[in-house]
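A.B. asks: What follows is query-v6.txt, compact mmCIF, C-alpha atoms.
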```
# COMPACT_ATOMS: atom_id res chain seq x y z
CA MET G 9 5.25 10.39 -5.65
CA VAL G 10 4.07 11.94 -2.40
CA GLY G 11 3.72 9.41 0.40
CA ALA G 12 5.72 6.25 1.10
CA GLY G 13 3.09 4.48 3.19
CA GLY G 14 0.48 1.84 2.43
CA LEU G 15 -0.17 3.13 -1.09
CA GLY G 16 3.30 4.42 -1.88
CA CYS G 17 5.11 1.20 -1.03
CA PRO G 18 3.46 -1.07 -3.62
CA ALA G 19 3.34 1.76 -6.17
CA ALA G 20 7.07 2.39 -5.79
CA LEU G 21 7.90 -1.32 -6.03
CA TYR G 22 6.08 -1.70 -9.33
CA LEU G 23 7.38 1.56 -10.78
CA ALA G 24 10.97 0.65 -9.99
CA ALA G 25 10.54 -2.89 -11.27
CA SER G 26 8.94 -1.49 -14.43
CA GLY G 27 12.05 0.61 -15.07
CA VAL G 28 10.97 4.22 -14.71
CA GLY G 29 13.95 6.47 -15.36
CA LYS G 30 13.62 8.57 -12.24
CA LEU G 31 11.40 8.20 -9.20
CA THR G 32 11.16 10.98 -6.63
CA ILE G 33 9.60 9.95 -3.31
CA ALA G 34 8.62 12.52 -0.68
CA ASP G 35 7.67 11.53 2.87
CA ALA G 36 8.67 13.07 6.19
CA ASP G 37 7.80 10.11 8.42
CA SER G 38 9.89 7.42 10.03
CA VAL G 39 8.95 3.74 10.06
CA ASP G 40 6.80 2.69 13.00
CA LEU G 41 6.13 -0.89 14.06
CA THR G 42 2.41 -0.42 13.31
CA ASN G 43 3.26 0.44 9.68
CA LEU G 44 4.57 -3.04 8.89
CA GLN G 45 1.06 -4.49 8.56
CA ARG G 46 0.56 -2.68 5.25
CA GLN G 47 3.75 -0.84 4.23
CA ILE G 48 5.53 -3.65 2.44
CA LEU G 49 8.83 -1.91 1.67
CA TYR G 50 9.85 -2.04 5.33
CA ARG G 51 11.00 -4.72 7.74
CA THR G 52 11.30 -4.95 11.52
CA ASP G 53 14.84 -3.58 11.42
CA SER G 54 13.53 -0.54 9.50
CA VAL G 55 11.67 0.75 12.56
CA GLY G 56 12.90 4.22 13.48
CA ALA G 57 14.55 4.92 10.12
CA LYS G 58 13.26 7.44 7.59
CA LYS G 59 10.80 5.82 5.22
CA VAL G 60 12.28 7.31 2.07
CA ASP G 61 15.78 6.13 2.98
CA GLU G 62 14.58 2.58 3.62
CA ALA G 63 12.51 2.68 0.44
CA ARG G 64 15.51 3.74 -1.63
CA LYS G 65 17.61 0.85 -0.29
CA VAL G 66 15.02 -1.72 -1.34
CA LEU G 67 14.19 -0.15 -4.71
CA VAL G 68 17.83 0.14 -5.76
CA GLU G 69 18.26 -3.56 -5.01
CA ILE G 70 15.30 -4.33 -7.26
CA ASN G 71 16.49 -2.12 -10.11
CA PRO G 72 19.81 -0.25 -9.80
CA ASP G 73 19.20 1.49 -13.13
CA VAL G 74 16.37 3.59 -11.73
CA GLU G 75 17.38 6.91 -10.17
CA ILE G 76 15.68 7.18 -6.77
CA VAL G 77 15.43 10.66 -5.23
CA ALA G 78 14.45 10.47 -1.56
CA LEU G 79 13.00 13.61 0.05
CA ALA G 80 12.66 13.13 3.81
CA ARG G 81 10.40 16.11 4.39
CA ARG G 82 6.82 17.22 4.12
CA VAL G 83 6.40 18.94 0.78
CA GLY G 84 4.30 22.08 0.57
CA ALA G 85 3.20 24.27 -2.32
CA LYS G 86 6.67 25.79 -2.84
CA ASP G 87 8.29 22.35 -2.98
CA LEU G 88 5.63 20.85 -5.21
CA ASP G 89 5.86 23.42 -7.98
CA PRO G 90 9.38 22.48 -9.18
CA LEU G 91 8.85 18.78 -8.40
CA VAL G 92 5.67 18.53 -10.45
CA ALA G 93 7.04 20.74 -13.23
CA GLY G 94 9.99 18.35 -13.61
CA ALA G 95 7.90 15.18 -13.61
CA ASP G 96 5.89 13.41 -16.31
CA VAL G 97 3.32 12.00 -13.87
CA ALA G 98 2.46 12.74 -10.24
CA LEU G 99 1.20 10.10 -7.81
CA ASP G 100 -0.76 11.16 -4.75
CA CYS G 101 -0.20 8.47 -2.14
CA SER G 102 -0.68 10.85 0.79
CA ASP G 103 -3.10 10.55 3.70
CA ASN G 104 -4.48 14.06 4.24
CA PHE G 105 -6.57 16.52 2.28
CA ALA G 106 -4.19 19.48 2.67
CA THR G 107 -1.44 17.61 0.84
CA ARG G 108 -3.85 16.21 -1.74
CA HIS G 109 -5.10 19.68 -2.61
CA ALA G 110 -1.56 21.09 -2.77
CA ILE G 111 -0.53 18.34 -5.21
CA ASN G 112 -3.65 18.96 -7.27
CA ARG G 113 -2.97 22.70 -7.52
CA ALA G 114 0.58 22.06 -8.72
CA CYS G 115 -0.63 19.55 -11.31
CA VAL G 116 -3.24 22.03 -12.58
CA ARG G 117 -0.62 24.81 -12.83
CA HIS G 118 1.83 22.66 -14.76
CA ALA G 119 -0.68 20.52 -16.69
CA ARG G 120 0.62 17.20 -15.37
CA PRO G 121 -1.39 13.98 -15.03
CA LEU G 122 -2.28 13.13 -11.43
CA VAL G 123 -2.93 9.56 -10.28
CA SER G 124 -4.77 9.70 -6.97
CA GLY G 125 -5.48 6.80 -4.64
CA ALA G 126 -7.00 6.39 -1.20
CA ALA G 127 -7.91 3.56 1.15
CA ILE G 128 -9.55 3.43 4.57
CA ARG G 129 -11.16 0.55 6.44
CA PHE G 130 -12.62 -1.62 3.62
CA ASP G 131 -13.04 1.16 1.06
CA GLY G 132 -10.65 2.19 -1.69
CA GLN G 133 -10.74 4.66 -4.55
CA LEU G 134 -8.68 5.44 -7.61
CA MET G 135 -8.87 8.26 -10.12
CA VAL G 136 -6.67 9.66 -12.88
CA PHE G 137 -6.88 13.40 -13.47
CA ASP G 138 -5.28 14.03 -16.87
CA LEU G 139 -4.73 17.74 -16.48
CA ARG G 140 -3.11 18.04 -19.88
CA GLU G 141 -6.68 18.16 -21.20
CA LYS G 142 -8.56 21.44 -20.89
CA ASP G 143 -11.91 19.80 -20.12
CA ALA G 144 -10.53 17.36 -17.54
CA PRO G 145 -11.79 17.59 -13.95
CA CYS G 146 -9.27 18.11 -11.15
CA TYR G 147 -9.25 16.73 -7.62
CA ALA G 148 -11.00 19.87 -6.33
CA CYS G 149 -13.89 19.30 -8.74
CA LEU G 150 -14.55 16.06 -6.86
CA PHE G 151 -13.59 17.24 -3.36
CA PRO G 152 -13.78 21.06 -3.20
CA GLU G 153 -11.20 22.70 -0.97
CA ALA G 154 -13.94 24.62 0.85
CA GLY G 155 -16.07 21.51 1.32
CA GLU G 156 -16.65 19.81 4.66
CA VAL G 157 -14.92 16.44 4.39
CA GLU G 158 -14.14 14.26 7.38
CA GLU G 159 -10.37 13.75 7.75
CA VAL G 160 -9.69 10.08 8.49
CA GLN G 161 -6.34 8.27 8.50
CA CYS G 162 -5.40 4.61 8.48
CA SER G 163 -3.38 5.02 11.68
CA VAL G 164 -6.58 6.00 13.48
CA MET G 165 -9.41 4.24 11.63
CA GLY G 166 -7.57 1.18 10.36
CA VAL G 167 -7.43 -0.34 6.89
CA LEU G 168 -7.41 -3.83 5.41
CA ALA G 169 -3.76 -4.24 4.45
CA PRO G 170 -4.18 -5.95 1.04
CA LEU G 171 -6.54 -3.14 -0.01
CA THR G 172 -3.71 -0.59 0.17
CA GLY G 173 -1.61 -2.96 -1.92
CA ALA G 174 -4.34 -3.21 -4.55
CA ILE G 175 -4.84 0.56 -4.79
CA GLY G 176 -1.09 1.26 -4.87
CA ALA G 177 -0.59 -1.34 -7.60
CA LEU G 178 -3.39 0.23 -9.64
CA GLN G 179 -1.77 3.64 -9.25
CA ALA G 180 1.48 2.23 -10.62
CA LEU G 181 -0.45 0.58 -13.46
CA GLU G 182 -2.03 3.86 -14.54
CA ALA G 183 1.27 5.73 -14.17
CA VAL G 184 3.12 3.24 -16.38
CA LYS G 185 0.34 3.44 -19.00
CA LEU G 186 0.62 7.23 -19.02
CA LEU G 187 4.41 7.13 -19.28
CA ALA G 188 4.39 4.55 -22.07
CA GLY G 189 1.40 5.94 -23.92
CA ALA G 190 -0.14 2.46 -23.76
CA GLY G 191 -3.71 1.34 -23.33
CA GLU G 192 -6.60 3.57 -22.33
CA THR G 193 -6.47 5.82 -19.29
CA PRO G 194 -9.76 5.99 -17.32
CA ARG G 195 -9.90 9.78 -17.49
CA GLY G 196 -12.69 11.38 -15.50
CA GLN G 197 -13.63 8.06 -13.95
CA LEU G 198 -13.72 7.46 -10.19
CA THR G 199 -13.26 3.78 -9.36
CA LEU G 200 -14.59 2.66 -5.98
CA ILE G 201 -13.54 -0.64 -4.42
CA ASP G 202 -15.48 -2.37 -1.65
CA ALA G 203 -13.07 -4.89 -0.13
CA LYS G 204 -15.85 -6.60 1.85
CA THR G 205 -17.58 -7.74 -1.32
CA SER G 206 -14.70 -7.35 -3.79
CA GLY G 207 -17.10 -5.12 -5.70
CA LEU G 208 -16.11 -2.38 -8.12
CA ARG G 209 -18.10 0.68 -9.12
CA SER G 210 -17.17 3.39 -11.60
CA LEU G 211 -18.57 6.91 -11.57
CA ARG G 212 -18.10 9.63 -14.17
CA VAL G 213 -16.77 12.94 -12.85
CA LYS G 214 -17.12 16.06 -14.96
CA LYS G 215 -15.18 19.27 -14.71
CA ASP G 216 -16.86 21.76 -12.38
CA PRO G 217 -17.21 25.05 -14.31
CA GLY G 218 -17.15 26.87 -10.99
CA CYS G 219 -14.11 25.05 -9.56
CA ALA G 220 -11.86 27.48 -7.69
CA VAL G 221 -8.75 25.61 -8.83
CA CYS G 222 -9.15 24.62 -12.47
CA ALA G 223 -12.08 26.60 -13.89
CA ALA G 224 -9.80 29.35 -15.19
CA ARG G 225 -7.76 26.98 -17.38
```
Go ahead and express the file in the form of structure tokens.
C.D. replies:
Amino acid sequence: MVGAGGLGCPAALYLAASGVGKLTIADADSVDLTNLQRQILYRTDSVGAKKVDEARKVLVEINPDVEIVALARRVGAKDLDPLVAGADVALDCSDNFATRHAINRACVRHARPLVSGAAIRFDGQLMVFDLREKDAPCYACLFPEAGEVEEVQCSVMGVLAPLTGAIGALQALEAVKLLAGAGETPRGQLTLIDAKTSGLRSLRVKKDPGCAVCAAR
């Protein structure tokens, strides 16, 4: 799991409580007072501490049988290759496109399922890229690396706090289903959530035959 913020906190709580064998969390940031509105693993006395260290303390209390690996650094392509190769499922809980694309590339290379979530203002999205399947789209099919996409972050634009909880919980839900081989995974389906109306929309995303990342698979 990359990111221990608004999405990563609820996702980690549910994954640990569900009893995953090993959970690796990567995040370079420290807890800021402004994070507490939406990052539910942390408390006032967590301010100034590394997020992953505080997260591990809480998660171990919830389930001491889960191995928590805390990586207090920003992970790049070189870090992600062995991390993704050694994982069954990757969760993208990050907040920037550079990291999202790096995670996607690693998942494509190692054919690992990627559960991606995002939330800003009143808008959330969720998508599972099951890259074990040859005809599955990847994140770059939806958001090309060379495309012009506005970079927005919760710290600047704001986000409705419960929305991050909902998206993070859904990411954990899809990850547990993938790990357990249970239920049906919404492969190739982009779910959009409008928190203002509590409306849900689903869009089908097909593999881009010209995608610079996954077309060669």
A.B. asks: Which residues of region 40-92 of chain G sit at most 7 Å from region 111-121 of chain G, using all atoms listed in the file? Give each one's shortest atom pair and distance in Å (one decimal place), in chain and ascending residue order, as CSV.
C.D. replies:
```
residue,atom,partner,partner_atom,distance
G:Leu88,CA,G:Ala114,CA,6.3
G:Asp89,CA,G:Ala114,CA,5.5
G:Val92,CA,G:Ala114,CA,6.4
```
A.B. asks: Between G:Cys149, G:Ala25, G:Gly173, G:Asp40, single out the one closest to Lys214 (chain G), counting all atoms listed in the file.
C.D. replies: G:Cys149
A.B. asks: Counting only C-alpha atoms, write as a list of chain:residue names all protein and nucleic acid residues lying at most 8 Å from (-10.4, 2.3, -2.8) in the file's frame.
C.D. replies: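 Final list of nearby residues, as requested, is G:Gly125, G:Ala126, G:Ala127, G:Ile128, G:Phe130, G:Asp131, G:Gly132, G:Gln133, G:Leu134, G:Leu171, G:Thr172, G:Ile175, G:Thr199, G:Leu200, G:Ile201, G:Asp202.
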A.B. asks: At a cut-off of 9 Å, using all atoms listed in the file, what residues contact region 151-155 of chain G? Leave out same-chain residues fewer than 3 positions from it and give the result as a PyMOL selection string.
C.D. replies: chain G and resi 105-106+109+146-148+219-221
A.B. asks: Between G:Gln45, G:Ser38, G:Thr32, G:Ser102, which one has atoms that come closest to Ile76 (chain G), using all atoms listed in the file?
C.D. replies: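 The closest residue to Ile76 (chain G) is G:Thr32.
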A.B. asks: Take every atom of region 121-126 of chain G listed in the file, pad by 5 Å on each side, and give me the axis-aligned box centre and edge lengths in Å, one decimal, as JSON.
C.D. replies:
```
{"center_x": -4.2, "center_y": 10.2, "center_z": -8.1, "size_x": 15.6, "size_y": 17.6, "size_z": 23.8}
```
A.B. asks: Rounded to one decimal place, report the CA of Ala188 (chain G)-CA of Leu99 (chain G) distance in Å.
C.D. replies: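 Between CA of Ala188 (chain G) and CA of Leu99 (chain G) the gap works out to 15.6 Å.
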A.B. asks: For each of G:Met135, G:Val68, G:Val123, G:Leu31, take the minimum atom-to-atom distance to Gly94 (chain G), counting only C-alpha atoms, then give the residue where this is smallest.
C.D. replies: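 Ranked by minimum distance to Gly94 (chain G), first place goes to G:Leu31.
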A.B. asks: So how many Å separate CA of Gln47 (chain G) and CA of Lys204 (chain G), to one decimal?
C.D. replies: 20.6 Å
A.B. asks: Grab the CA of Val39 (chain G) to CA of Ser26 (chain G) distance for me, in Å with one decimal place.
C.D. replies: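 Separation of CA of Val39 (chain G) and CA of Ser26 (chain G): 25.0 Å.
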A.B. asks: Quick one: of G:Val184, G:Ala95, G:Ala177, G:Leu198, who's nearest to Phe137 (chain G), counting only C-alpha atoms?
C.D. replies: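 Counting only C-alpha atoms, the residue closest to Phe137 (chain G) is G:Leu198.
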A.B. asks: Is there a way to complete region 196-207 of chain G with all heavy atoms and then write that out as a compact mmCIF listing (two decimals), in the frame of the given file?
C.D. replies:
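The file below, out-v4.txt, is the result:
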```
# COMPACT_ATOMS: atom_id res chain seq x y z
N GLY G 196 -11.39 10.94 -15.98
CA GLY G 196 -12.69 11.38 -15.50
C GLY G 196 -13.54 10.28 -14.90
O GLY G 196 -14.76 10.40 -14.82
N GLN G 197 -12.91 9.21 -14.48
CA GLN G 197 -13.63 8.06 -13.95
C GLN G 197 -13.14 7.75 -12.53
O GLN G 197 -11.96 7.49 -12.32
CB GLN G 197 -13.41 6.84 -14.84
CG GLN G 197 -14.04 5.55 -14.31
CD GLN G 197 -13.79 4.38 -15.24
OE1 GLN G 197 -14.12 4.43 -16.42
NE2 GLN G 197 -13.17 3.33 -14.73
N LEU G 198 -14.03 7.81 -11.58
CA LEU G 198 -13.72 7.46 -10.19
C LEU G 198 -14.06 5.99 -9.97
O LEU G 198 -15.22 5.58 -10.15
CB LEU G 198 -14.53 8.34 -9.24
CG LEU G 198 -14.43 7.98 -7.74
CD1 LEU G 198 -13.01 8.17 -7.23
CD2 LEU G 198 -15.42 8.83 -6.93
N THR G 199 -13.06 5.20 -9.63
CA THR G 199 -13.26 3.78 -9.36
C THR G 199 -13.31 3.56 -7.86
O THR G 199 -12.39 3.95 -7.13
CB THR G 199 -12.13 2.93 -9.97
OG1 THR G 199 -12.11 3.13 -11.39
CG2 THR G 199 -12.35 1.46 -9.68
N LEU G 200 -14.38 2.94 -7.39
CA LEU G 200 -14.59 2.66 -5.98
C LEU G 200 -14.49 1.16 -5.74
O LEU G 200 -15.11 0.37 -6.47
CB LEU G 200 -15.95 3.17 -5.51
CG LEU G 200 -16.21 4.67 -5.71
CD1 LEU G 200 -17.66 5.01 -5.38
CD2 LEU G 200 -15.26 5.49 -4.85
N ILE G 201 -13.73 0.78 -4.74
CA ILE G 201 -13.54 -0.64 -4.42
C ILE G 201 -14.07 -0.92 -3.02
O ILE G 201 -13.69 -0.26 -2.06
CB ILE G 201 -12.05 -1.02 -4.49
CG1 ILE G 201 -11.50 -0.78 -5.91
CG2 ILE G 201 -11.84 -2.48 -4.09
CD1 ILE G 201 -10.02 -1.06 -6.04
N ASP G 202 -14.95 -1.92 -2.94
CA ASP G 202 -15.48 -2.37 -1.65
C ASP G 202 -14.80 -3.70 -1.34
O ASP G 202 -15.12 -4.73 -1.94
CB ASP G 202 -17.00 -2.54 -1.74
CG ASP G 202 -17.62 -2.99 -0.42
OD1 ASP G 202 -16.86 -3.39 0.50
OD2 ASP G 202 -18.86 -2.97 -0.31
N ALA G 203 -13.84 -3.69 -0.42
CA ALA G 203 -13.07 -4.89 -0.13
C ALA G 203 -13.91 -5.98 0.54
O ALA G 203 -13.57 -7.16 0.45
CB ALA G 203 -11.88 -4.54 0.75
N LYS G 204 -15.00 -5.59 1.18
CA LYS G 204 -15.85 -6.60 1.85
C LYS G 204 -16.51 -7.52 0.84
O LYS G 204 -16.68 -8.71 1.08
CB LYS G 204 -16.92 -5.90 2.68
CG LYS G 204 -16.41 -5.30 3.98
CD LYS G 204 -17.57 -4.74 4.79
CE LYS G 204 -17.09 -4.20 6.13
NZ LYS G 204 -18.22 -3.63 6.92
N THR G 205 -16.89 -6.95 -0.30
CA THR G 205 -17.58 -7.74 -1.32
C THR G 205 -16.75 -7.97 -2.57
O THR G 205 -17.18 -8.66 -3.50
CB THR G 205 -18.88 -7.03 -1.75
OG1 THR G 205 -18.55 -5.77 -2.35
CG2 THR G 205 -19.78 -6.78 -0.55
N SER G 206 -15.55 -7.36 -2.59
CA SER G 206 -14.70 -7.35 -3.79
C SER G 206 -15.44 -6.73 -4.98
O SER G 206 -15.20 -7.07 -6.13
CB SER G 206 -14.23 -8.76 -4.15
OG SER G 206 -13.40 -9.28 -3.14
N GLY G 207 -16.33 -5.79 -4.66
CA GLY G 207 -17.10 -5.12 -5.70
C GLY G 207 -16.43 -3.87 -6.20
O GLY G 207 -15.71 -3.18 -5.47
```
